[in-house]
Amino acid sequence: MQYKSTAIELTPAIPAKLIIESVNEFEDWLKADDTPYGDVDELERYLALPILPNTGISARQWWLEPSQQRVSPNLSRMAIELLSIPAMSAEPERLFSGAKLTISDQRASLQAQTIGATECLKSWCRSEEK
């Protein structure tokens with residue numbers, strides 16, 4: 001929850017004529033508290049927005065736009081971090097799982113370079129068979 005803890009407060013400026021005419025500080029405080037913005041959660045504000053039509057850009061590109069970062073700095077930072085995680089394919093997962101067959105009790109002293117080269121050769125041999 002590192003993103004929510006850095007809430008921003010968007011309070012519009014009080015018009016100068018209200019400050020001059022006002023004498024009661026309590027009423028000023030009540031009027032200022034009735035502002036539509038206040039301390040609003042960025043996610044709630046984002047979810048309240050209407051759905052935009054397809055613009056043809058990726059979600060990551062949309063959150064990288066300076067206008068989005070100004071409106072929702074914490075939410076855009078979280079979205080950029082999450083959308084920057086590369087997708088995992090099944091092939092590296094298979095190779096990683098196959099390495100446990102290469103590294104057995106009898107081959108426990110293999111160097112990391114040897115294991116890497118062996119797994120690479122196994123992968124190349126399998127890809128030529130297809």
# chains A, B, ... in the order shown; residues from 1 in each chain; ligands from 1

call {"tool": "residues_around", "arguments": {"residues": "Arg94 (chain A)", "least_positions_apart": "6", "cutoff": "12 Å", "atoms": "only C-alpha atoms", "output": "list in words"}}
result
Met88, Lys100, Leu101, Glu119, Lys122, Ser123 and Arg126 of chain A

call {"tool": "atom_distance", "arguments": {"atom1": "CA of Leu47 (chain A)", "atom2": "CA of Pro86 (chain A)"}}
result
25.6 Å

call {"tool": "residues_around", "arguments": {"residues": "region 110-118 of chain A", "least_positions_apart": "4", "cutoff": "12 Å", "atoms": "only C-alpha atoms", "output": "count of residues only"}}
result
15

call {"tool": "residues_around", "arguments": {"residues": "Tyr46 (chain A)", "least_positions_apart": "3", "cutoff": "12 Å", "atoms": "only C-alpha atoms", "output": "NGL selection string"}}
result
:A and (40-43 or 49-52 or 63 or 68 or 71-76)

call {"tool": "write_last_selection", "arguments": {"atoms": "N, CA and C atoms", "output": "PDB file, in the first residue's frame"}}
result
ATOM      1  N   VAL A  40      -9.440  13.362  -1.780  1.00  0.00           N
ATOM      2  CA  VAL A  40     -10.119  12.279  -2.495  1.00  0.00           C
ATOM      3  C   VAL A  40      -9.089  11.243  -2.919  1.00  0.00           C
ATOM      4  N   ASP A  41      -9.434  10.003  -2.755  1.00  0.00           N
ATOM      5  CA  ASP A  41      -8.572   8.915  -3.181  1.00  0.00           C
ATOM      6  C   ASP A  41      -8.445   8.937  -4.704  1.00  0.00           C
ATOM      7  N   GLU A  42      -7.217   8.820  -5.208  1.00  0.00           N
ATOM      8  CA  GLU A  42      -6.997   8.881  -6.654  1.00  0.00           C
ATOM      9  C   GLU A  42      -7.718   7.761  -7.390  1.00  0.00           C
ATOM     10  N   LEU A  43      -7.735   6.581  -6.814  1.00  0.00           N
ATOM     11  CA  LEU A  43      -8.404   5.459  -7.467  1.00  0.00           C
ATOM     12  C   LEU A  43      -9.899   5.713  -7.584  1.00  0.00           C
ATOM     13  N   LEU A  49     -14.448   8.452 -13.418  1.00  0.00           N
ATOM     14  CA  LEU A  49     -14.360   9.051 -14.752  1.00  0.00           C
ATOM     15  C   LEU A  49     -15.086   8.193 -15.781  1.00  0.00           C
ATOM     16  N   PRO A  50     -15.615   8.808 -16.857  1.00  0.00           N
ATOM     17  CA  PRO A  50     -16.261   8.002 -17.905  1.00  0.00           C
ATOM     18  C   PRO A  50     -15.227   7.193 -18.688  1.00  0.00           C
ATOM     19  N   ILE A  51     -15.665   6.086 -19.262  1.00  0.00           N
ATOM     20  CA  ILE A  51     -14.779   5.222 -20.048  1.00  0.00           C
ATOM     21  C   ILE A  51     -14.467   5.912 -21.365  1.00  0.00           C
ATOM     22  N   LEU A  52     -13.179   5.974 -21.686  1.00  0.00           N
ATOM     23  CA  LEU A  52     -12.744   6.626 -22.922  1.00  0.00           C
ATOM     24  C   LEU A  52     -12.799   5.640 -24.086  1.00  0.00           C
ATOM     25  N   TRP A  63      -0.574   6.003 -19.390  1.00  0.00           N
ATOM     26  CA  TRP A  63      -0.180   6.413 -18.044  1.00  0.00           C
ATOM     27  C   TRP A  63       1.119   7.211 -18.049  1.00  0.00           C
ATOM     28  N   GLN A  68      -1.712  12.637 -17.370  1.00  0.00           N
ATOM     29  CA  GLN A  68      -2.167  11.593 -16.450  1.00  0.00           C
ATOM     30  C   GLN A  68      -1.331  11.602 -15.173  1.00  0.00           C
ATOM     31  N   VAL A  71      -2.618  14.513 -12.944  1.00  0.00           N
ATOM     32  CA  VAL A  71      -3.928  14.286 -12.347  1.00  0.00           C
ATOM     33  C   VAL A  71      -3.865  13.203 -11.272  1.00  0.00           C
ATOM     34  N   SER A  72      -3.171  12.110 -11.554  1.00  0.00           N
ATOM     35  CA  SER A  72      -3.082  10.984 -10.614  1.00  0.00           C
ATOM     36  C   SER A  72      -1.630  10.545 -10.475  1.00  0.00           C
ATOM     37  N   PRO A  73      -0.816  11.276  -9.736  1.00  0.00           N
ATOM     38  CA  PRO A  73       0.615  10.937  -9.669  1.00  0.00           C
ATOM     39  C   PRO A  73       0.890   9.566  -9.054  1.00  0.00           C
ATOM     40  N   ASN A  74       0.197   9.233  -7.983  1.00  0.00           N
ATOM     41  CA  ASN A  74       0.453   7.943  -7.320  1.00  0.00           C
ATOM     42  C   ASN A  74      -0.103   6.782  -8.124  1.00  0.00           C
ATOM     43  N   LEU A  75      -1.291   6.951  -8.662  1.00  0.00           N
ATOM     44  CA  LEU A  75      -1.920   5.903  -9.457  1.00  0.00           C
ATOM     45  C   LEU A  75      -1.140   5.660 -10.746  1.00  0.00           C
ATOM     46  N   SER A  76      -0.657   6.724 -11.378  1.00  0.00           N
ATOM     47  CA  SER A  76       0.113   6.549 -12.612  1.00  0.00           C
ATOM     48  C   SER A  76       1.445   5.868 -12.323  1.00  0.00           C
TER      49      SER A  76
END
